[in-house]
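Undergrad: Provided herewith: protein-v4.txt, compact mmCIF, C-alpha atoms (C1' of nucleotides).
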```
# COMPACT_ATOMS: atom_id res chain seq x y z
CA MET A 251 12.05 -46.22 -10.03
CA PRO A 252 12.94 -42.58 -10.45
CA LYS A 253 11.67 -39.98 -8.08
CA ILE A 254 8.90 -37.93 -9.48
CA ARG A 255 10.39 -34.61 -10.40
CA VAL A 256 8.08 -31.69 -10.75
CA LYS A 257 9.79 -29.66 -13.35
CA ALA A 258 9.62 -26.06 -12.32
CA GLU A 259 7.73 -24.25 -15.02
CA SER A 260 9.54 -21.24 -16.36
CA TRP A 261 7.56 -18.06 -16.15
CA GLU A 262 7.50 -17.89 -19.93
CA ASP A 263 5.94 -21.31 -20.14
CA SER A 264 3.31 -20.49 -17.60
CA VAL A 265 2.39 -17.36 -19.55
CA ARG A 266 2.09 -19.32 -22.76
CA VAL A 267 0.23 -22.20 -21.20
CA ALA A 268 -2.31 -19.71 -19.93
CA GLY A 269 -2.80 -18.62 -23.53
CA PHE A 270 -1.00 -15.31 -23.51
CA ARG A 271 1.83 -13.94 -25.60
CA MET A 272 5.47 -13.34 -24.95
CA THR A 273 6.36 -9.82 -25.85
CA GLN A 274 9.54 -7.86 -25.67
CA PRO A 275 8.27 -5.38 -23.08
CA ARG A 276 7.17 -8.26 -20.91
CA ARG A 277 10.55 -9.90 -21.21
CA GLU A 278 12.43 -6.69 -20.47
CA ILE A 279 10.38 -6.04 -17.36
CA MET A 280 11.15 -9.52 -16.10
CA LYS A 281 14.85 -9.06 -16.84
CA VAL A 282 14.93 -6.03 -14.61
CA LEU A 283 13.13 -7.84 -11.83
CA GLU A 284 15.45 -10.80 -12.19
CA SER A 285 18.56 -8.68 -11.92
CA THR A 286 17.62 -6.83 -8.77
CA GLU A 287 17.35 -7.49 -5.04
CA GLY A 288 13.67 -6.64 -5.11
CA HIS A 289 11.00 -4.15 -4.08
CA LEU A 290 11.13 -1.88 -7.11
CA THR A 291 8.43 0.62 -7.96
CA ALA A 292 6.75 0.64 -11.34
CA GLU A 293 8.70 3.76 -12.15
CA ASP A 294 12.03 2.21 -11.13
CA ILE A 295 11.31 -0.57 -13.55
CA TYR A 296 10.12 1.78 -16.25
CA LEU A 297 13.33 3.78 -16.05
CA GLN A 298 15.55 0.73 -16.20
CA VAL A 299 13.71 -0.83 -19.11
CA HIS A 300 13.69 2.52 -20.84
CA GLU A 301 17.50 2.46 -21.02
CA ILE A 302 17.56 -0.49 -23.38
CA TYR A 303 14.07 -0.32 -24.79
CA PRO A 304 13.28 3.38 -25.06
CA ASN A 305 9.87 2.83 -26.60
CA ILE A 306 8.43 1.31 -23.46
CA GLY A 307 5.45 3.16 -21.98
CA LEU A 308 4.80 3.52 -18.28
CA THR A 309 1.30 2.21 -18.84
CA THR A 310 2.72 -0.98 -20.26
CA VAL A 311 4.84 -1.45 -17.18
CA TYR A 312 1.85 -1.11 -14.90
CA ARG A 313 -0.23 -3.39 -17.06
CA ASN A 314 2.40 -6.08 -17.15
CA LEU A 315 3.11 -5.91 -13.46
CA GLU A 316 -0.54 -6.44 -12.78
CA PHE A 317 -0.67 -9.22 -15.32
CA LEU A 318 2.37 -10.95 -13.90
CA ASN A 319 1.03 -10.51 -10.41
CA GLU A 320 -2.27 -12.12 -11.31
CA HIS A 321 -0.38 -15.03 -12.80
CA GLY A 322 1.66 -15.56 -9.65
CA ILE A 323 4.92 -14.52 -11.26
CA VAL A 324 5.39 -11.20 -9.54
CA ALA A 325 4.53 -10.16 -6.00
CA LYS A 326 3.08 -6.75 -5.27
CA ILE A 327 3.80 -5.31 -1.87
CA CYS A 328 2.44 -2.15 -0.32
CA PHE A 329 4.46 -0.55 2.39
CA GLN A 330 2.91 2.57 3.84
CA HIS A 331 4.90 4.98 1.76
CA GLY A 332 2.77 5.76 -1.28
CA LYS A 333 3.86 3.64 -4.17
CA ALA A 334 3.47 -0.09 -4.59
CA LYS A 335 6.62 -2.20 -4.90
CA TYR A 336 7.16 -5.28 -7.00
CA GLU A 337 9.45 -8.28 -6.82
CA LEU A 338 9.64 -11.75 -8.28
CA ALA A 339 7.32 -14.24 -6.67
CA GLU A 340 9.09 -16.67 -4.39
CA GLN A 341 8.93 -19.47 -6.92
CA TYR A 342 10.79 -17.51 -9.57
CA SER A 343 13.09 -15.58 -7.29
CA PRO A 344 16.77 -16.34 -6.71
CA VAL A 345 16.29 -14.79 -3.28
CA GLY A 346 13.60 -17.32 -2.44
CA HIS A 347 11.27 -17.07 0.50
CA HIS A 348 11.99 -14.00 2.55
CA HIS A 349 10.45 -11.16 4.50
CA HIS A 350 11.11 -7.50 5.11
CA LEU A 351 12.55 -5.15 7.65
CA VAL A 352 11.15 -1.68 7.06
CA CYS A 353 12.73 1.46 8.45
CA ASP A 354 9.96 3.84 9.45
CA GLU A 355 12.33 6.79 9.23
CA CYS A 356 14.03 6.49 5.83
CA THR A 357 11.69 3.84 4.37
CA LYS A 358 14.62 1.59 3.49
CA ILE A 359 13.72 -2.05 3.09
CA ILE A 360 15.95 -4.99 3.97
CA ASN A 361 15.24 -8.54 2.85
CA TYR A 362 15.94 -11.28 5.33
CA ASN A 363 15.60 -15.01 5.21
CA ASP A 364 17.01 -15.98 8.56
CA PHE A 365 15.03 -18.05 11.04
CA MET A 366 13.05 -19.78 8.36
CA GLN A 367 13.03 -23.05 10.28
CA GLU A 368 11.35 -21.36 13.22
CA GLU A 369 8.99 -19.64 10.86
CA VAL A 370 7.92 -22.81 9.16
CA GLU A 371 7.04 -24.43 12.45
CA PHE A 372 5.13 -21.41 13.64
CA LEU A 373 3.25 -20.97 10.40
CA GLU A 374 2.21 -24.60 10.16
CA THR A 375 0.37 -24.36 13.44
CA VAL A 376 -1.15 -20.98 12.80
CA GLU A 377 -2.17 -21.52 9.20
CA ARG A 378 -3.83 -24.79 9.99
CA GLY A 379 -5.68 -23.20 12.88
CA LEU A 380 -6.77 -20.11 11.01
CA SER A 381 -7.95 -22.05 7.98
CA ARG A 382 -10.17 -24.14 10.14
CA ARG A 383 -11.44 -21.38 12.39
CA TYR A 384 -12.21 -18.83 9.69
CA LYS A 385 -12.81 -21.19 6.76
CA PHE A 386 -10.14 -19.28 4.95
CA ARG A 387 -8.05 -20.82 2.20
CA ILE A 388 -4.62 -19.32 2.85
CA THR A 389 -2.40 -19.00 -0.19
CA HIS A 390 0.42 -16.87 1.13
CA HIS A 391 1.53 -14.71 3.99
CA GLU A 392 3.61 -11.69 4.70
CA ILE A 393 5.61 -10.88 7.77
CA GLN A 394 7.07 -7.47 8.30
CA PHE A 395 9.13 -5.90 11.03
CA ASN A 396 9.17 -2.14 11.38
CA GLY A 397 11.57 0.03 13.29
CA LEU A 398 14.73 2.01 12.84
CA CYS A 399 17.66 0.94 10.69
CA GLN A 400 21.17 1.44 11.99
CA ASP A 401 21.77 4.68 10.07
CA CYS A 402 18.63 6.25 11.44
CA GLN A 403 19.47 5.14 14.96
CA ASP A 404 22.85 6.85 14.64
CA LYS A 405 21.31 10.06 13.36
CA GLU A 406 18.93 10.00 16.29
CA ASP A 407 21.78 9.63 18.80
CA GLN A 408 23.57 12.66 17.44
CA SER A 409 20.70 15.03 18.08
CA MET B 105 6.35 -2.57 48.85
CA PRO B 106 3.80 -2.04 46.10
CA LYS B 107 4.42 -3.28 42.66
CA ILE B 108 5.33 -0.58 40.24
CA ARG B 109 2.29 0.09 38.15
CA VAL B 110 2.75 1.78 34.82
CA LYS B 111 -0.43 3.72 34.48
CA ALA B 112 -1.60 3.47 30.93
CA GLU B 113 -1.60 6.96 29.52
CA SER B 114 -4.82 7.96 27.84
CA TRP B 115 -4.37 9.06 24.27
CA GLU B 116 -5.52 12.52 25.24
CA ASP B 117 -2.84 12.75 27.88
CA SER B 118 -0.15 11.64 25.54
CA VAL B 119 -1.21 14.27 23.03
CA ARG B 120 -1.11 16.96 25.68
CA VAL B 121 2.14 15.80 27.20
CA ALA B 122 3.70 16.08 23.76
CA GLY B 123 2.61 19.71 23.73
CA PHE B 124 -0.31 19.53 21.34
CA ARG B 125 -3.90 20.50 21.67
CA MET B 126 -7.12 18.61 22.09
CA THR B 127 -9.62 19.70 19.52
CA GLN B 128 -13.11 18.63 18.70
CA PRO B 129 -12.25 17.22 15.24
CA ARG B 130 -9.47 15.19 16.82
CA ARG B 131 -11.82 13.84 19.45
CA GLU B 132 -14.51 12.99 16.94
CA ILE B 133 -12.09 11.10 14.74
CA MET B 134 -10.94 9.06 17.71
CA LYS B 135 -14.54 8.37 18.72
CA VAL B 136 -15.17 6.83 15.33
CA LEU B 137 -12.06 4.70 15.54
CA GLU B 138 -12.97 3.61 19.05
CA SER B 139 -16.43 2.51 18.04
CA THR B 140 -15.41 0.31 15.11
CA GLU B 141 -13.80 -3.04 14.45
CA GLY B 142 -10.98 -1.38 12.57
CA HIS B 143 -9.38 -0.79 9.19
CA LEU B 144 -11.35 2.26 8.12
CA THR B 145 -10.30 4.51 5.27
CA ALA B 146 -9.87 8.23 5.73
CA GLU B 147 -13.06 8.74 3.82
CA ASP B 148 -15.00 6.24 5.95
CA ILE B 149 -13.97 8.24 8.96
CA TYR B 150 -14.71 11.54 7.30
CA LEU B 151 -18.24 10.43 6.46
CA GLN B 152 -18.96 9.18 9.96
CA VAL B 153 -17.62 12.27 11.65
CA HIS B 154 -19.48 14.42 9.18
CA GLU B 155 -22.79 13.09 10.50
CA ILE B 156 -22.35 14.67 13.89
CA TYR B 157 -19.82 17.38 13.07
CA PRO B 158 -20.73 18.56 9.59
CA ASN B 159 -18.02 21.19 9.46
CA ILE B 160 -15.22 18.64 9.39
CA GLY B 161 -12.95 18.81 6.36
CA LEU B 162 -11.44 15.77 4.67
CA THR B 163 -8.03 17.40 4.91
CA THR B 164 -8.40 17.60 8.66
CA VAL B 165 -9.14 13.91 8.82
CA TYR B 166 -6.00 13.07 6.86
CA ARG B 167 -3.91 15.46 8.91
CA ASN B 168 -5.13 14.05 12.18
CA LEU B 169 -4.70 10.46 11.14
CA GLU B 170 -1.13 11.18 10.23
CA PHE B 171 -0.64 13.06 13.47
CA LEU B 172 -2.13 10.29 15.54
CA ASN B 173 -0.09 7.75 13.66
CA GLU B 174 3.15 9.59 14.33
CA HIS B 175 2.25 9.70 17.98
CA GLY B 176 1.65 5.97 18.16
CA ILE B 177 -2.07 6.33 18.75
CA VAL B 178 -3.30 5.14 15.40
CA ALA B 179 -1.92 2.45 13.10
CA LYS B 180 -1.85 2.95 9.37
CA ILE B 181 -2.02 -0.18 7.29
CA CYS B 182 -1.68 -0.51 3.54
CA PHE B 183 -3.23 -3.50 1.91
CA GLN B 184 -2.75 -3.66 -1.82
CA HIS B 185 -6.07 -2.17 -2.71
CA GLY B 186 -5.52 1.54 -3.16
CA LYS B 187 -6.43 3.40 -0.03
CA ALA B 188 -4.71 3.31 3.31
CA LYS B 189 -6.64 1.99 6.29
CA TYR B 190 -6.49 3.14 9.86
CA GLU B 191 -7.19 1.57 13.23
CA LEU B 192 -6.39 2.22 16.86
CA ALA B 193 -2.89 1.28 17.87
CA GLU B 194 -2.72 -1.87 19.94
CA GLN B 195 -2.20 0.01 23.17
CA TYR B 196 -5.41 2.01 22.79
CA SER B 197 -7.49 -0.64 21.11
CA PRO B 198 -10.16 -2.74 22.77
CA VAL B 199 -9.35 -5.40 20.19
CA GLY B 200 -5.75 -5.52 21.39
CA HIS B 201 -2.94 -7.19 19.54
CA HIS B 202 -4.18 -8.82 16.39
CA HIS B 203 -3.38 -9.51 12.76
CA HIS B 204 -5.23 -9.73 9.49
CA LEU B 205 -6.63 -12.25 7.06
CA VAL B 206 -7.00 -10.60 3.68
CA CYS B 207 -9.20 -12.00 0.94
CA ASP B 208 -7.47 -11.40 -2.38
CA GLU B 209 -10.75 -11.69 -4.20
CA CYS B 210 -13.18 -9.38 -2.42
CA THR B 211 -10.55 -7.52 -0.32
CA LYS B 212 -12.46 -8.26 2.88
CA ILE B 213 -10.32 -8.12 6.01
CA ILE B 214 -10.77 -10.26 9.08
CA ASN B 215 -9.07 -9.52 12.39
CA TYR B 216 -7.78 -12.46 14.35
CA ASN B 217 -6.01 -12.81 17.63
CA ASP B 218 -5.79 -16.54 17.94
CA PHE B 219 -2.47 -18.32 18.45
CA MET B 220 -0.89 -15.40 20.20
CA GLN B 221 1.04 -17.64 22.56
CA GLU B 222 2.71 -19.35 19.63
CA GLU B 223 3.32 -16.00 18.04
CA VAL B 224 4.99 -14.56 21.09
CA GLU B 225 7.41 -17.45 21.28
CA PHE B 226 8.23 -17.26 17.61
CA LEU B 227 8.65 -13.51 17.60
CA GLU B 228 10.93 -13.47 20.62
CA THR B 229 13.45 -15.63 18.84
CA VAL B 230 13.18 -13.89 15.51
CA GLU B 231 13.15 -10.33 16.75
CA ARG B 232 16.15 -10.89 18.96
CA GLY B 233 18.04 -12.47 16.08
CA LEU B 234 17.11 -9.87 13.50
CA SER B 235 17.94 -6.96 15.80
CA ARG B 236 21.39 -8.33 16.33
CA ARG B 237 22.05 -9.39 12.78
CA TYR B 238 20.83 -6.26 11.02
CA LYS B 239 21.37 -3.76 13.86
CA PHE B 240 17.72 -2.91 13.52
CA ARG B 241 15.68 -1.52 16.39
CA ILE B 242 12.36 -3.26 15.94
CA THR B 243 9.35 -1.37 17.24
CA HIS B 244 6.50 -3.36 15.81
CA HIS B 245 5.56 -6.03 13.36
CA GLU B 246 2.78 -7.05 11.08
CA ILE B 247 1.69 -10.49 10.03
CA GLN B 248 -0.78 -11.00 7.27
CA PHE B 249 -2.33 -14.03 5.66
CA ASN B 250 -3.77 -13.77 2.20
CA GLY B 251 -6.08 -16.10 0.40
CA LEU B 252 -9.76 -16.68 -0.23
CA CYS B 253 -12.52 -16.10 2.30
CA GLN B 254 -15.32 -18.61 2.55
CA ASP B 255 -17.74 -16.62 0.42
CA CYS B 256 -15.27 -16.35 -2.41
CA GLN B 257 -14.43 -20.04 -2.19
CA ASP B 258 -18.14 -20.84 -2.55
CA LYS B 259 -18.50 -18.58 -5.55
CA GLU B 260 -15.51 -20.27 -7.11
CA ASP B 261 -16.99 -23.73 -6.62
CA GLN B 262 -20.21 -22.76 -8.39
CA SER B 263 -18.48 -21.82 -11.60
C1' DA C 237 -9.63 37.72 29.45
C1' DT C 238 -6.02 37.55 26.07
C1' DG C 239 -2.08 36.47 23.04
C1' DG C 240 0.70 33.14 20.69
C1' DT C 241 0.31 29.47 17.78
C1' DA C 242 -1.57 24.78 16.83
C1' DA C 243 -5.17 23.48 14.19
C1' DT C 244 -8.84 24.01 10.89
C1' DG C 245 -11.41 24.11 6.34
C1' DA C 246 -11.72 25.18 1.56
C1' DC C 247 -9.36 24.83 -2.51
C1' DA C 248 -5.68 23.96 -5.51
C1' DA C 249 -1.93 20.98 -6.62
C1' DT C 250 0.47 16.63 -6.85
C1' DC C 251 1.34 12.01 -7.60
C1' DA C 252 0.38 7.17 -8.51
C1' DT C 253 -2.43 4.48 -11.09
C1' DT C 254 -6.12 3.42 -14.59
C1' DA C 255 -9.13 4.06 -18.76
C1' DC C 256 -9.34 4.74 -23.54
C1' DC C 257 -8.27 4.00 -28.22
C1' DA C 258 -6.03 3.75 -32.46
C1' DA C 259 -1.86 1.37 -34.03
C1' DT C 260 1.21 -2.70 -33.63
C1' DA C 261 2.95 -7.30 -33.48
C1' DA C 262 2.75 -12.21 -31.46
C1' DG C 263 2.01 -16.62 -33.12
C1' DG C 264 -1.29 -20.18 -35.01
C1' DA C 265 -3.45 -21.64 -39.51
C1' DG C 266 -2.83 -22.38 -44.11
C1' DC D 283 6.62 -17.68 -45.46
C1' DT D 284 2.26 -14.98 -45.43
C1' DC D 285 -2.08 -13.89 -43.57
C1' DC D 286 -5.32 -13.07 -39.79
C1' DT D 287 -6.98 -12.78 -35.35
C1' DT D 288 -6.61 -10.47 -31.31
C1' DA D 289 -3.52 -9.75 -27.34
C1' DT D 290 -0.70 -6.09 -26.48
C1' DT D 291 1.26 -1.66 -26.88
C1' DG D 292 2.13 3.50 -26.22
C1' DG D 293 0.43 7.99 -25.81
C1' DT D 294 -2.79 10.89 -23.64
C1' DA D 295 -6.53 11.96 -20.81
C1' DA D 296 -8.92 10.88 -16.66
C1' DT D 297 -9.32 9.35 -12.04
C1' DG D 298 -8.72 9.08 -7.23
C1' DA D 299 -6.12 9.39 -3.05
C1' DT D 300 -3.36 12.29 -0.55
C1' DT D 301 -0.75 16.67 0.42
C1' DG D 302 0.35 21.79 0.15
C1' DT D 303 -1.25 26.51 0.84
C1' DC D 304 -3.17 30.12 3.32
C1' DA D 305 -6.25 32.94 5.57
C1' DT D 306 -9.18 32.10 9.64
C1' DT D 307 -10.34 29.92 14.02
C1' DA D 308 -10.01 28.28 18.66
C1' DC D 309 -7.12 25.88 22.21
C1' DC D 310 -4.99 26.82 26.51
C1' DA D 311 -1.01 28.72 29.37
C1' DT D 312 -0.34 32.81 31.61
```
Let's see the structure in the file written out as structure tokens.
TA:
Amino acid sequence: MPKIRVKAESWEDSVRVAGFRMTQPRREIMKVLESTEGHLTAEDIYLQVHEIYPNIGLTTVYRNLEFLNEHGIVAKICFQHGKAKYELAEQYSPVGHHHHLVCDECTKIINYNDFMQEEVEFLETVERGLSRRYKFRITHHEIQFNGLCQDCQDKEDQS
Amino acid sequence: MPKIRVKAESWEDSVRVAGFRMTQPRREIMKVLESTEGHLTAEDIYLQVHEIYPNIGLTTVYRNLEFLNEHGIVAKICFQHGKAKYELAEQYSPVGHHHHLVCDECTKIINYNDFMQEEVEFLETVERGLSRRYKFRITHHEIQFNGLCQDCQDKEDQS
DNA sequence: ATGGTAATGACAATCATTACCAATAAGGAG
DNA sequence: CTCCTTATTGGTAATGATTGTCATTACCAT
């Protein structure tokens, strides 16, 4: 008897299943997200798409990012430096589950996915507890470490 | 031989020690932050201060929040709903160390400080590892759980 | 009490994001 | 393949939060 295999739905399928259309702008935006480490601003994406699809409008980029976010395909993250950043949701990302190191000086962001075993254990306890205590249905989480990246530490030493 | 006791510096002291002045707007802004659960927007604070100090300008509120943030007295948090929120930094907060449950539906935010023992253990391992691996000097962290609060779950069930 | 300057308040300016609307193009039905 | 419905687009205007400017005020060290 074969193991049940949940076929991972492609993002295109899940858009269509939900009754929406596949358009070229939408595809181009996803291509950019798929070919990058992550945490791009809407403008970053706009500029990259614009290279190969010059007709794209910035409004369309925003609209699609919101759309994709609502459909669980793209994650929107807000670090405290003005603009929102976007990256592929875990399920569609080659990077997979990860979190961020944020440099408070230069605002650089580093992805990490070390210590996931420890994280899983920790989160299981906490999520279960929080759900019960606050009657909250937790769907995802975000962990972020702030501080100084190596470059900024060096600059600080010099002065 | 007495134990060394690190006297907690009042926020006013730490402002003065850094060579800056104590002003009435600054004090009023802190009063508001001290008398609230947390996560207020600049405008929330402006409105509250305005009640008892009608001359306050919104610009002054922004400027002071940034100032206080840079001096480690106030924490600035950005959830993905437009405006930045502010609360007392852990060290000056009666609430103490805590994290947030964010409802993705109604944007409500709940503070929690349960499971801190588990968190401490987890963070010790991870912070040590990340510092070494990425040469990052970690100063603080943020953990956030997103999902649906009870009210929004109920509303969902009805439909 | 006073002088140097940090801080203020009003207003203008900026910057990210959203609203609007007429024009376009997916993609299902025939 | 063609037609039709309507989701989607792109351009522009509008919004809303935050920041810059600058003349004026008021801390506070001396």
Undergrad: Give the residues of chain A that lie within 10 Å of chain D; count only C-alpha atoms (C1' of nucleotides), and format the answer as a short mmCIF file (atom, residue, chain, number, x, y, z; two decimals) with C-alpha atoms, in the frame of the given file.
TA:
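Contents of result20.cif, as written:
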```cif
data_model
loop_
_atom_site.label_atom_id
_atom_site.label_comp_id
_atom_site.auth_asym_id
_atom_site.auth_seq_id
_atom_site.Cartn_x
_atom_site.Cartn_y
_atom_site.Cartn_z
CA GLY A 269 -2.80 -18.62 -23.53
CA PHE A 270 -1.00 -15.31 -23.51
CA ARG A 271 1.83 -13.94 -25.60
CA MET A 272 5.47 -13.34 -24.95
CA THR A 273 6.36 -9.82 -25.85
CA PRO A 275 8.27 -5.38 -23.08
CA ARG A 276 7.17 -8.26 -20.91
CA ASN A 305 9.87 2.83 -26.60
CA ILE A 306 8.43 1.31 -23.46
CA GLY A 307 5.45 3.16 -21.98
CA LEU A 308 4.80 3.52 -18.28
CA THR A 309 1.30 2.21 -18.84
CA THR A 310 2.72 -0.98 -20.26
CA ARG A 313 -0.23 -3.39 -17.06
CA ASN A 314 2.40 -6.08 -17.15
CA GLY A 332 2.77 5.76 -1.28
#
```
Undergrad: Determine, for each residue of chain C having at least one atom at most 12 Å from an atom of chain A, the closest pair of atoms and their separation in Å to one decimal, counting all atoms listed in the file; order by chain and ascending number, as CSV.
TA:
```
residue,atom,partner,partner_atom,distance
C:DC251,C1',A:Gly332,CA,9.0
C:DA252,C1',A:Lys333,CA,6.6
C:DT253,C1',A:Tyr312,CA,8.0
C:DT254,C1',A:Thr309,CA,8.6
C:DA255,C1',A:Thr309,CA,10.6
C:DC256,C1',A:Thr309,CA,11.9
C:DT260,C1',A:Thr273,CA,11.7
C:DA261,C1',A:Thr273,CA,8.7
C:DA262,C1',A:Arg271,CA,6.2
C:DG263,C1',A:Arg271,CA,8.0
C:DG264,C1',A:Gly269,CA,11.7
```
Undergrad: Please indicate the distance in Å from atom CA of Glu231 of chain B to atom CA of Phe395 of chain A, rounded to one decimal place.
TA: 8.3 Å
Undergrad: Check the smallest atom-to-atom distance from each of B:Arg232, B:Gln262, B:Cys182, B:His201 to chain A using all atoms listed in the file, then report the winner.
TA: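 Nearest to chain A: B:Cys182.
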Undergrad: Extract, using only C-alpha atoms (C1' of nucleotides), all DNA, RNA and protein residues at most 7 Å from His349 of chain A, discarding same-chain residues fewer than 2 positions from it, and format them as number ranges by chain.
TA: A: 361-363, 392-394
Undergrad: Give me, as a PyMOL selection string, the residues of chain B touching chain A, with the criterion being at most 10 Å (counting only C-alpha atoms).
TA: chain B and resi 180-189+205-208+214+216-220+222-223+225-227+229-231+233-235+237-257
Undergrad: Can you work out the spacing between atom CA of Glu191 of chain B and atom CA of Ile133 of chain B in Å, to one decimal?
TA: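 So the two atoms, atom CA of Glu191 of chain B and atom CA of Ile133 of chain B, lie 10.8 Å apart.
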Undergrad: Report, in Å with one decimal, the straight-line distance from atom CA of Glu259 of chain A to atom CA of Leu283 of chain A.
TA: 17.6 Å
Undergrad: Around all of segment 281-287 of chain A's listed atoms, make the axis-aligned box with 5 Å on each side and tell me centre and edge lengths in Å to one decimal, as lines of an AutoDock Vina configuration file.
TA:
```
center_x = 15.8
center_y = -8.4
center_z = -10.9
size_x = 15.4
size_y = 14.8
size_z = 21.8
```
